[in-house]
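Structure file data_26.cif with mmCIF, C-alpha atoms:
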```cif
data_query
loop_
_atom_site.label_atom_id
_atom_site.label_comp_id
_atom_site.auth_asym_id
_atom_site.auth_seq_id
_atom_site.Cartn_x
_atom_site.Cartn_y
_atom_site.Cartn_z
CA MET K 20 0.00 0.00 0.00
CA ASP K 21 1.27 3.48 -0.76
CA PRO K 22 1.91 5.90 2.14
CA ARG K 23 -1.03 8.19 1.31
CA GLY K 24 -3.43 5.27 1.07
CA LEU K 25 -2.13 3.87 4.35
CA ILE K 26 -2.69 7.19 6.14
CA GLU K 27 -6.23 7.58 4.79
CA ASN K 28 -7.09 3.96 5.58
CA LEU K 29 -5.78 4.18 9.15
CA VAL K 30 -7.69 7.39 9.92
CA GLN K 31 -10.92 5.87 8.61
CA LYS K 32 -10.43 2.73 10.73
CA LEU K 33 -9.34 4.60 13.87
CA SER K 34 -12.02 7.27 13.80
CA PRO K 35 -14.93 6.85 11.36
CA ASN K 36 -16.08 10.43 12.11
CA ALA K 37 -12.76 11.91 10.95
CA THR K 38 -11.69 12.50 7.36
CA VAL K 39 -8.29 13.19 5.86
CA VAL K 40 -8.68 16.48 4.01
CA GLY K 41 -5.06 16.95 3.04
CA ILE K 42 -1.65 15.32 2.97
CA THR K 43 1.39 17.43 2.25
CA GLU K 44 4.70 15.72 1.58
CA ASN K 45 8.20 17.04 1.92
CA PRO K 46 11.53 15.18 2.02
CA GLU K 47 11.43 14.70 5.80
CA ARG K 48 7.76 14.27 6.73
CA TYR K 49 4.09 14.01 5.87
CA ARG K 50 1.77 16.69 7.22
CA VAL K 51 -1.74 15.29 7.59
CA THR K 52 -4.82 17.48 7.97
CA VAL K 53 -7.86 15.79 9.49
CA ALA K 54 -11.38 17.20 9.81
CA GLY K 55 -14.23 16.02 11.97
CA THR K 56 -17.99 16.23 11.65
CA SER K 57 -18.01 19.33 13.85
CA GLY K 58 -15.89 21.29 11.37
CA VAL K 59 -12.82 21.19 13.62
CA VAL K 60 -9.53 20.67 11.76
CA ALA K 61 -6.27 19.32 13.18
CA ASP K 62 -2.81 18.78 11.74
CA CYS K 63 -0.19 16.21 12.63
CA GLU K 64 3.24 15.48 11.25
CA LEU K 65 4.67 12.04 10.63
CA PRO K 66 8.31 11.31 9.79
CA ARG K 67 8.58 10.09 6.20
CA ALA K 68 10.81 7.16 7.17
CA VAL K 69 8.28 5.91 9.71
CA VAL K 70 5.36 6.16 7.28
CA GLU K 71 7.29 4.35 4.57
CA ALA K 72 8.28 1.64 7.06
CA ALA K 73 4.61 1.36 8.10
CA THR K 74 3.71 0.24 4.59
CA ARG K 75 5.86 -2.85 5.24
CA ARG K 76 5.93 -3.51 9.01
CA SER K 77 3.12 -3.72 11.56
CA THR K 78 5.25 -2.29 14.39
CA ALA K 79 5.84 0.90 12.42
CA ARG K 80 2.16 0.91 11.41
CA ALA K 81 1.18 0.88 15.10
CA ARG K 82 3.40 3.92 15.72
CA VAL K 83 1.75 5.82 12.86
CA ALA K 84 -1.69 4.75 14.10
CA VAL K 85 -1.05 6.21 17.57
CA THR K 86 -0.17 9.60 16.11
CA LEU K 87 -3.12 9.61 13.71
CA LYS K 88 -5.50 8.54 16.50
CA ARG K 89 -4.39 11.49 18.65
CA CYS K 90 -4.97 13.83 15.70
CA ALA K 91 -8.40 12.31 14.95
CA ASP K 92 -9.41 12.53 18.61
CA ASP K 93 -8.80 16.29 18.45
CA VAL K 94 -11.49 16.69 15.79
CA ASP K 95 -14.03 14.21 17.10
CA ALA K 96 -16.37 16.33 19.22
CA ARG K 97 -18.42 14.32 21.67
CA ILE K 98 -22.05 15.40 21.79
CA PRO K 99 -23.61 15.05 25.25
CA ASP K 100 -26.64 12.81 25.19
CA GLY K 101 -28.39 14.34 28.19
CA ARG K 102 -28.15 11.31 30.44
CA GLY K 103 -25.89 13.07 32.87
#
```
Would you write out, as structure tokens, the structure that this file holds?
Amino acid sequence: MDPRGLIENLVQKLSPNATVVGITENPERYRVTVAGTSGVVADCELPRAVVEAATRRSTARARVAVTLKRCADDVDARIPDGRG
């Protein structure tokens, strides 16, 4: 799987209410922009070497997943249900 596809797939699995709205690449890192249903947007940066390793190894994939989960959690607004 290519790095961009991996990032988008992980965000969708980790937080179904979050969407990748942008991925910017440079020689050292990927900058991922994630939006939630509330309109909140968050950015996170991932080292290029780690993302490329994540396409091949599950241990690296877990490291990328932790960072993306933190980013997705920032945009996932919990709506109180009134039960106290």
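Every protein or nucleic acid residue with an atom no more than 7 Å from Leu87 of chain K, counting all atoms listed in the file and leaving out same-chain residues fewer than 4 positions away, appears here: Val30, Val83 and Ala91 of chain K.
Atom CA of Val39 of chain K sits 7.1 Å away from atom CA of Val51 of chain K.
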message: So, with only C-alpha atoms as the atoms that count, which of K:Ala81, K:Val69, K:Ile26, K:Ala37 lies closest to Ala54 of chain K?
response: K:Ala37
- request: Considering only C-alpha atoms, state which residue in the set K:Leu33, K:Val60, K:Val94, K:Leu65 is at the smallest distance from Arg82 of chain K.
  value: K:Leu65
message: the PyMOL selection byres ((chain K and resi 24) around 12) - which residues does that actually catch in the file I just gave you? List them as JSON, numbers by chain.
response: {"K": [20, 21, 22, 23, 25, 26, 27, 28, 29, 30, 31, 39, 41, 42, 70, 71, 73, 74]}
task: Would you write out, as a ChimeraX atom specification, every residue that the PyMOL selection byres ((chain K and resi 57) around 8) captures in this file?
output: /K:55-56,58-59,94-96
For all heavy atoms, please extract segment 49-60 of chain K from the block and return it as a PDB file, in the first residue's frame.
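As written to disk, out_35.pdb reads:
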```pdb
ATOM      1  N   TYR K  49       5.436  13.831   6.416  1.00  0.00           N
ATOM      2  CA  TYR K  49       4.094  14.012   5.873  1.00  0.00           C
ATOM      3  C   TYR K  49       3.337  14.875   6.875  1.00  0.00           C
ATOM      4  O   TYR K  49       3.381  14.625   8.070  1.00  0.00           O
ATOM      5  CB  TYR K  49       3.361  12.669   5.759  1.00  0.00           C
ATOM      6  CG  TYR K  49       3.848  11.795   4.644  1.00  0.00           C
ATOM      7  CD1 TYR K  49       4.877  10.886   4.852  1.00  0.00           C
ATOM      8  CD2 TYR K  49       3.273  11.859   3.384  1.00  0.00           C
ATOM      9  CE1 TYR K  49       5.322  10.060   3.836  1.00  0.00           C
ATOM     10  CE2 TYR K  49       3.718  11.044   2.359  1.00  0.00           C
ATOM     11  CZ  TYR K  49       4.736  10.152   2.594  1.00  0.00           C
ATOM     12  OH  TYR K  49       5.172   9.339   1.579  1.00  0.00           O
ATOM     13  N   ARG K  50       2.644  15.874   6.382  1.00  0.00           N
ATOM     14  CA  ARG K  50       1.767  16.689   7.225  1.00  0.00           C
ATOM     15  C   ARG K  50       0.342  16.310   6.849  1.00  0.00           C
ATOM     16  O   ARG K  50      -0.070  16.467   5.695  1.00  0.00           O
ATOM     17  CB  ARG K  50       2.015  18.168   7.002  1.00  0.00           C
ATOM     18  CG  ARG K  50       1.154  19.050   7.897  1.00  0.00           C
ATOM     19  CD  ARG K  50       1.453  20.522   7.639  1.00  0.00           C
ATOM     20  NE  ARG K  50       0.665  21.354   8.476  1.00  0.00           N
ATOM     21  CZ  ARG K  50       1.052  21.865   9.630  1.00  0.00           C
ATOM     22  NH1 ARG K  50       2.267  21.616  10.063  1.00  0.00           N
ATOM     23  NH2 ARG K  50       0.254  22.627  10.339  1.00  0.00           N
ATOM     24  N   VAL K  51      -0.398  15.795   7.824  1.00  0.00           N
ATOM     25  CA  VAL K  51      -1.741  15.286   7.586  1.00  0.00           C
ATOM     26  C   VAL K  51      -2.745  16.233   8.232  1.00  0.00           C
ATOM     27  O   VAL K  51      -2.616  16.587   9.407  1.00  0.00           O
ATOM     28  CB  VAL K  51      -1.898  13.867   8.185  1.00  0.00           C
ATOM     29  CG1 VAL K  51      -3.294  13.327   7.923  1.00  0.00           C
ATOM     30  CG2 VAL K  51      -0.834  12.928   7.635  1.00  0.00           C
ATOM     31  N   THR K  52      -3.742  16.642   7.460  1.00  0.00           N
ATOM     32  CA  THR K  52      -4.820  17.482   7.968  1.00  0.00           C
ATOM     33  C   THR K  52      -6.080  16.635   8.036  1.00  0.00           C
ATOM     34  O   THR K  52      -6.474  16.017   7.051  1.00  0.00           O
ATOM     35  CB  THR K  52      -5.051  18.708   7.061  1.00  0.00           C
ATOM     36  OG1 THR K  52      -3.815  19.422   6.935  1.00  0.00           O
ATOM     37  CG2 THR K  52      -6.115  19.623   7.629  1.00  0.00           C
ATOM     38  N   VAL K  53      -6.672  16.608   9.231  1.00  0.00           N
ATOM     39  CA  VAL K  53      -7.856  15.788   9.485  1.00  0.00           C
ATOM     40  C   VAL K  53      -8.995  16.701   9.924  1.00  0.00           C
ATOM     41  O   VAL K  53      -8.784  17.633  10.703  1.00  0.00           O
ATOM     42  CB  VAL K  53      -7.547  14.749  10.598  1.00  0.00           C
ATOM     43  CG1 VAL K  53      -8.770  13.915  10.921  1.00  0.00           C
ATOM     44  CG2 VAL K  53      -6.389  13.865  10.197  1.00  0.00           C
ATOM     45  N   ALA K  54     -10.196  16.436   9.413  1.00  0.00           N
ATOM     46  CA  ALA K  54     -11.383  17.205   9.806  1.00  0.00           C
ATOM     47  C   ALA K  54     -12.410  16.263  10.401  1.00  0.00           C
ATOM     48  O   ALA K  54     -12.514  15.099  10.013  1.00  0.00           O
ATOM     49  CB  ALA K  54     -11.977  17.926   8.604  1.00  0.00           C
ATOM     50  N   GLY K  55     -13.172  16.800  11.343  1.00  0.00           N
ATOM     51  CA  GLY K  55     -14.234  16.021  11.973  1.00  0.00           C
ATOM     52  C   GLY K  55     -15.593  16.521  11.545  1.00  0.00           C
ATOM     53  O   GLY K  55     -15.721  17.509  10.822  1.00  0.00           O
ATOM     54  N   THR K  56     -16.623  15.864  12.012  1.00  0.00           N
ATOM     55  CA  THR K  56     -17.985  16.231  11.646  1.00  0.00           C
ATOM     56  C   THR K  56     -18.393  17.581  12.213  1.00  0.00           C
ATOM     57  O   THR K  56     -19.318  18.211  11.722  1.00  0.00           O
ATOM     58  CB  THR K  56     -18.978  15.162  12.135  1.00  0.00           C
ATOM     59  OG1 THR K  56     -18.795  14.988  13.541  1.00  0.00           O
ATOM     60  CG2 THR K  56     -18.754  13.847  11.432  1.00  0.00           C
ATOM     61  N   SER K  57     -17.682  18.045  13.234  1.00  0.00           N
ATOM     62  CA  SER K  57     -18.013  19.334  13.850  1.00  0.00           C
ATOM     63  C   SER K  57     -17.376  20.515  13.119  1.00  0.00           C
ATOM     64  O   SER K  57     -17.593  21.658  13.494  1.00  0.00           O
ATOM     65  CB  SER K  57     -17.544  19.341  15.307  1.00  0.00           C
ATOM     66  OG  SER K  57     -16.126  19.232  15.354  1.00  0.00           O
ATOM     67  N   GLY K  58     -16.569  20.229  12.102  1.00  0.00           N
ATOM     68  CA  GLY K  58     -15.888  21.292  11.372  1.00  0.00           C
ATOM     69  C   GLY K  58     -14.521  21.632  11.941  1.00  0.00           C
ATOM     70  O   GLY K  58     -13.822  22.482  11.416  1.00  0.00           O
ATOM     71  N   VAL K  59     -14.132  20.970  13.013  1.00  0.00           N
ATOM     72  CA  VAL K  59     -12.821  21.186  13.615  1.00  0.00           C
ATOM     73  C   VAL K  59     -11.765  20.511  12.746  1.00  0.00           C
ATOM     74  O   VAL K  59     -11.973  19.411  12.239  1.00  0.00           O
ATOM     75  CB  VAL K  59     -12.776  20.625  15.050  1.00  0.00           C
ATOM     76  CG1 VAL K  59     -11.397  20.746  15.652  1.00  0.00           C
ATOM     77  CG2 VAL K  59     -13.808  21.314  15.917  1.00  0.00           C
ATOM     78  N   VAL K  60     -10.634  21.193  12.571  1.00  0.00           N
ATOM     79  CA  VAL K  60      -9.534  20.670  11.758  1.00  0.00           C
ATOM     80  C   VAL K  60      -8.284  20.574  12.624  1.00  0.00           C
ATOM     81  O   VAL K  60      -8.030  21.447  13.450  1.00  0.00           O
ATOM     82  CB  VAL K  60      -9.265  21.597  10.546  1.00  0.00           C
ATOM     83  CG1 VAL K  60      -8.083  21.115   9.736  1.00  0.00           C
ATOM     84  CG2 VAL K  60     -10.502  21.692   9.663  1.00  0.00           C
TER      85      VAL K  60
END
```
